[in-house]
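> Sharing a structure, written as structure tokens. Questions coming.
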Protein chains: 2
Amino acid sequence: MSLKHAILTLLETEDGTGYDLLKRFEDHLGYFWNASHQQIYAQLKTMHKEALIDFQLETQDDKPDKKIYTLTDSGRQELSEWVQQPLKLGKVKDALLVKIYAGHLADKEQLLEEMLHYRDSHKRMLQTFLAIEDEYLNSSKKKQQELAMPYLTLRRGIIGERACIEWAEEVIQYLRKIRA
Amino acid sequence: MSLKHAILTLLETEDGTGYDLLKRFEDHLGYFWNASHQQIYAQLKTMHKEALIDFQLETQDDKPDKKIYTLTDSGRQELSEWVQQPLKLGKVKDALLVKIYAGHLADKEQLLEEMLHYRDSHKRMLQTFLAIEDEYLNSSKKKQQELAMPYLTLRRGIIGERACIEWAEEVIQYLRKIRA
DNA sequence: CAGCAATATGCAATTTATTGCATATCAATA
DNA sequence: TATTGATATGCAATAAATTGCATATTGCTG
């Protein structure tokens, strides 16, 4: 159950609504943690019951209401306890690799198409990450120190995407070779 | 629901019991797909009901009974259909990265410990993969052709592990720098 | 010979995640 | 002015995964 901790982590950085969290999952944490809006709202409800978080209701006449969530002391404690604890490694589930493994059953042209698409989306992702890195590296020393840890996760993204692309190139080269 | 397809993939290569599949998940597919024995047995039961697989019961006097599962035509078809279909990308869930993201709350020494452990286990994994690769590269051309697609998944493992290690080194270096 | 690891299978309860549905406003655009 | 996309929230049903328990044999080791 670590969506809980992912949410605590996000709220620790900045208060926000469920929708804000969704956006932050998509934009920032998205590379290493994902959650649907249904999951997030449900989890927030549970965590509120558990008193890990609290919210201020912002009633607006024109727009729909907002619940701005904040960490409680208890939530802050839960987070720092979790951060201290060693974690068991998460399970990998990569359907593309299962598919490649069974690749002798697939149409090679189609597989090639899919791999090209895979490579290109990872290239785009890499470009996005590099742009964020650039921004970081051009920010003030103070800002850099503040964001040092999140920056390291960005580095994971960059290194990971490069690995994806490198592998995709190998697969593409192989698929083209056997076609010829 | 792709545990189903992972199991179909394994059975397509070779028939086996639930336990065999568990071992093959651990040993071979483990890098990119994981499943507990409870999950596997439950899934096998469901798939049998769906007529995707069948089994021969091997009653043994001395040892506990075995159910040796095989693909049915229907299962084979399901697999090849799945392999044809483009897949949506799976969701990443990497708790370590969430933890690093919230790393300013953590004890840095402990984090360093954890990262060293992380790096070393990935180094060991890489060694394992390289040994398997070596075996592959020294096998006959025929064998190599047969295992070409699984070999590409192994390459993913090797490239992925190298990326893990590279990143871990960066994090370790950073943690040591701020300690000094 | 007692205990433990490996083989071999499974149920039940609970937790987590997905899928589908539902509502409501605002701003832009066609 | 009608539609779409973004904001903002949620319920209900189902599917998938985890956790805990349970059984039974073989072979090895201390």
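Quick note on naming: the chains in the structure tokens go A, B, ... in the order shown, residues restart at 1 in each chain, and ligands are numbered from 1 in order of appearance.
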Extract, using only C-alpha atoms (C1' of nucleotides), all DNA, RNA and protein residues at most 12 Å from DA22 in chain D, discarding same-chain residues fewer than 3 positions from it, and format them as a ChimeraX atom specification.
/C:9-12
> Hey, what does DSSP flag as alpha helix (DSSP H) within chain A? Can you give it to me as a PyMOL selection string?
chain A and resi 3-13+18-27+37-49+73-84+95-101+108-137+141-146+148-179
> What are the closest atom pairs, with distances in Å to one decimal, for each residue of chain A lying within 7 Å of chain B, using only C-alpha atoms, rows by chain and rising residue number, as CSV?

residue,atom,partner,partner_atom,distance
A:Ala6,CA,B:Val98,CA,6.1
A:Thr9,CA,B:Ala102,CA,5.8
A:Tyr31,CA,B:Val92,CA,6.8
A:Phe32,CA,B:Val92,CA,5.2
A:Trp33,CA,B:Lys93,CA,4.6
A:Asn34,CA,B:Lys91,CA,6.0
A:Ser80,CA,B:Leu105,CA,6.1
A:Val83,CA,B:Ala106,CA,5.7
A:Gln84,CA,B:Ala106,CA,5.8
A:Pro86,CA,B:Glu114,CA,6.9
A:Gly90,CA,B:Asp94,CA,6.4
A:Lys91,CA,B:Asn34,CA,6.0
A:Val92,CA,B:Phe32,CA,5.2
A:Lys93,CA,B:Trp33,CA,4.6
A:Asp94,CA,B:Phe32,CA,5.2
A:Ala95,CA,B:Gly90,CA,7.0
A:Leu97,CA,B:Thr153,CA,6.0
A:Val98,CA,B:Ala6,CA,6.1
A:Lys99,CA,B:Val83,CA,5.8
A:Ile100,CA,B:Met149,CA,5.9
A:Tyr101,CA,B:Pro150,CA,4.6
A:Ala102,CA,B:Thr9,CA,5.8
A:Gly103,CA,B:Met149,CA,5.9
A:His104,CA,B:Met149,CA,6.8
A:Leu105,CA,B:Ser80,CA,6.0
A:Ala106,CA,B:Val83,CA,5.7
A:Asp107,CA,B:Gln84,CA,6.7
A:Glu114,CA,B:Pro86,CA,6.9
A:Met149,CA,B:Tyr101,CA,5.4
A:Pro150,CA,B:Tyr101,CA,4.6
A:Leu152,CA,B:Val171,CA,6.7
A:Thr153,CA,B:Leu97,CA,6.0
A:Arg156,CA,B:Trp167,CA,6.0
A:Ile159,CA,B:Ala163,CA,6.0
A:Gly160,CA,B:Ala163,CA,6.1
A:Ala163,CA,B:Ile159,CA,6.0
A:Trp167,CA,B:Arg156,CA,5.9
A:Val171,CA,B:Leu152,CA,6.7
> Using only C-alpha atoms (C1' of nucleotides), what does the table of chain D residues within 12 Å of chain A look like, with each row giving the shortest atom pair and its distance in Å to one decimal, sorted by chain and ascending number, as CSV?

residue,atom,partner,partner_atom,distance
D:DA6,C1',A:Tyr19,CA,11.1
D:DT7,C1',A:Tyr19,CA,8.0
D:DA8,C1',A:Pro64,CA,6.2
D:DT9,C1',A:Tyr41,CA,7.9
D:DG10,C1',A:Tyr41,CA,7.6
D:DC11,C1',A:Gln38,CA,9.6
D:DA12,C1',A:Gln38,CA,11.7
D:DA17,C1',A:Lys91,CA,11.0
D:DT18,C1',A:Met1,CA,9.8
> Please produce an output containing N, CA and C atoms (P, O5', C5', C4', C3', O3' and C1' of nucleotides) for each residue in the selection, written as a PDB file, in the first residue's frame.

ATOM      1  P    DA D   6      -7.665  19.123 -22.516  1.00  0.00           P
ATOM      2  O5'  DA D   6      -7.786  19.889 -21.116  1.00  0.00           O
ATOM      3  C5'  DA D   6      -7.665  21.314 -21.074  1.00  0.00           C
ATOM      4  C4'  DA D   6      -8.300  21.827 -19.805  1.00  0.00           C
ATOM      5  C3'  DA D   6      -7.874  21.071 -18.541  1.00  0.00           C
ATOM      6  O3'  DA D   6      -7.244  21.990 -17.637  1.00  0.00           O
ATOM      7  C1'  DA D   6     -10.225  21.388 -18.600  1.00  0.00           C
ATOM      8  P    DT D   7      -6.753  21.532 -16.209  1.00  0.00           P
ATOM      9  O5'  DT D   7      -8.014  21.781 -15.254  1.00  0.00           O
ATOM     10  C5'  DT D   7      -8.454  23.103 -15.002  1.00  0.00           C
ATOM     11  C4'  DT D   7      -9.710  23.089 -14.160  1.00  0.00           C
ATOM     12  C3'  DT D   7      -9.531  22.468 -12.762  1.00  0.00           C
ATOM     13  O3'  DT D   7      -9.942  23.405 -11.795  1.00  0.00           O
ATOM     14  C1'  DT D   7     -11.461  21.622 -13.812  1.00  0.00           C
ATOM     15  P    DA D   8      -9.554  23.240 -10.273  1.00  0.00           P
ATOM     16  O5'  DA D   8     -10.418  21.979  -9.800  1.00  0.00           O
ATOM     17  C5'  DA D   8     -11.654  22.189  -9.108  1.00  0.00           C
ATOM     18  C4'  DA D   8     -12.398  20.894  -8.918  1.00  0.00           C
ATOM     19  C3'  DA D   8     -11.654  19.710  -8.298  1.00  0.00           C
ATOM     20  O3'  DA D   8     -11.755  19.747  -6.876  1.00  0.00           O
ATOM     21  C1'  DA D   8     -13.398  19.104  -9.831  1.00  0.00           C
ATOM     22  P    DT D   9     -11.296  18.454  -6.001  1.00  0.00           P
ATOM     23  O5'  DT D   9     -12.515  17.440  -6.182  1.00  0.00           O
ATOM     24  C5'  DT D   9     -13.808  17.824  -5.690  1.00  0.00           C
ATOM     25  C4'  DT D   9     -14.814  16.746  -5.965  1.00  0.00           C
ATOM     26  C3'  DT D   9     -14.534  15.409  -5.296  1.00  0.00           C
ATOM     27  O3'  DT D   9     -15.163  15.356  -4.036  1.00  0.00           O
ATOM     28  C1'  DT D   9     -15.505  15.214  -7.490  1.00  0.00           C
ATOM     29  P    DG D  10     -14.783  14.206  -3.003  1.00  0.00           P
ATOM     30  O5'  DG D  10     -15.489  12.939  -3.672  1.00  0.00           O
ATOM     31  C5'  DG D  10     -16.891  12.839  -3.550  1.00  0.00           C
ATOM     32  C4'  DG D  10     -17.409  11.811  -4.515  1.00  0.00           C
ATOM     33  C3'  DG D  10     -17.131  10.359  -4.170  1.00  0.00           C
ATOM     34  O3'  DG D  10     -18.062   9.938  -3.196  1.00  0.00           O
ATOM     35  C1'  DG D  10     -17.321  10.813  -6.516  1.00  0.00           C
ATOM     36  P    DC D  11     -18.050   8.503  -2.599  1.00  0.00           P
ATOM     37  O5'  DC D  11     -19.006   7.683  -3.576  1.00  0.00           O
ATOM     38  C5'  DC D  11     -20.302   8.172  -3.904  1.00  0.00           C
ATOM     39  C4'  DC D  11     -21.009   7.143  -4.786  1.00  0.00           C
ATOM     40  C3'  DC D  11     -20.941   5.715  -4.241  1.00  0.00           C
ATOM     41  O3'  DC D  11     -22.203   5.109  -4.457  1.00  0.00           O
ATOM     42  C1'  DC D  11     -19.919   5.796  -6.389  1.00  0.00           C
ATOM     43  P    DA D  12     -22.580   3.718  -3.746  1.00  0.00           P
ATOM     44  O5'  DA D  12     -22.349   2.674  -4.936  1.00  0.00           O
ATOM     45  C5'  DA D  12     -22.881   2.935  -6.230  1.00  0.00           C
ATOM     46  C4'  DA D  12     -22.547   1.771  -7.138  1.00  0.00           C
ATOM     47  C3'  DA D  12     -22.410   0.425  -6.421  1.00  0.00           C
ATOM     48  O3'  DA D  12     -23.096  -0.531  -7.207  1.00  0.00           O
ATOM     49  C1'  DA D  12     -20.408   0.912  -7.616  1.00  0.00           C
ATOM     50  P    DA D  17      -2.541  -8.992 -11.306  1.00  0.00           P
ATOM     51  O5'  DA D  17      -2.366  -8.849  -9.726  1.00  0.00           O
ATOM     52  C5'  DA D  17      -2.274  -7.552  -9.145  1.00  0.00           C
ATOM     53  C4'  DA D  17      -2.038  -7.667  -7.653  1.00  0.00           C
ATOM     54  C3'  DA D  17      -0.992  -8.702  -7.239  1.00  0.00           C
ATOM     55  O3'  DA D  17      -0.008  -8.006  -6.481  1.00  0.00           O
ATOM     56  C1'  DA D  17      -3.009  -8.955  -5.969  1.00  0.00           C
ATOM     57  P    DT D  18       1.177  -8.744  -5.700  1.00  0.00           P
ATOM     58  O5'  DT D  18       0.556  -8.782  -4.240  1.00  0.00           O
ATOM     59  C5'  DT D  18       0.028  -7.565  -3.663  1.00  0.00           C
ATOM     60  C4'  DT D  18      -0.383  -7.823  -2.232  1.00  0.00           C
ATOM     61  C3'  DT D  18       0.630  -8.613  -1.397  1.00  0.00           C
ATOM     62  O3'  DT D  18       0.814  -7.881  -0.195  1.00  0.00           O
ATOM     63  C1'  DT D  18      -1.521  -9.624  -1.256  1.00  0.00           C
TER      64       DT D  18
END
> What's the 12 Å shell around DC28 in chain D, counting only C-alpha atoms (C1' of nucleotides), without same-chain residues fewer than 5 positions away, as an MDAnalysis selection string?
chainID C and resid 3:6
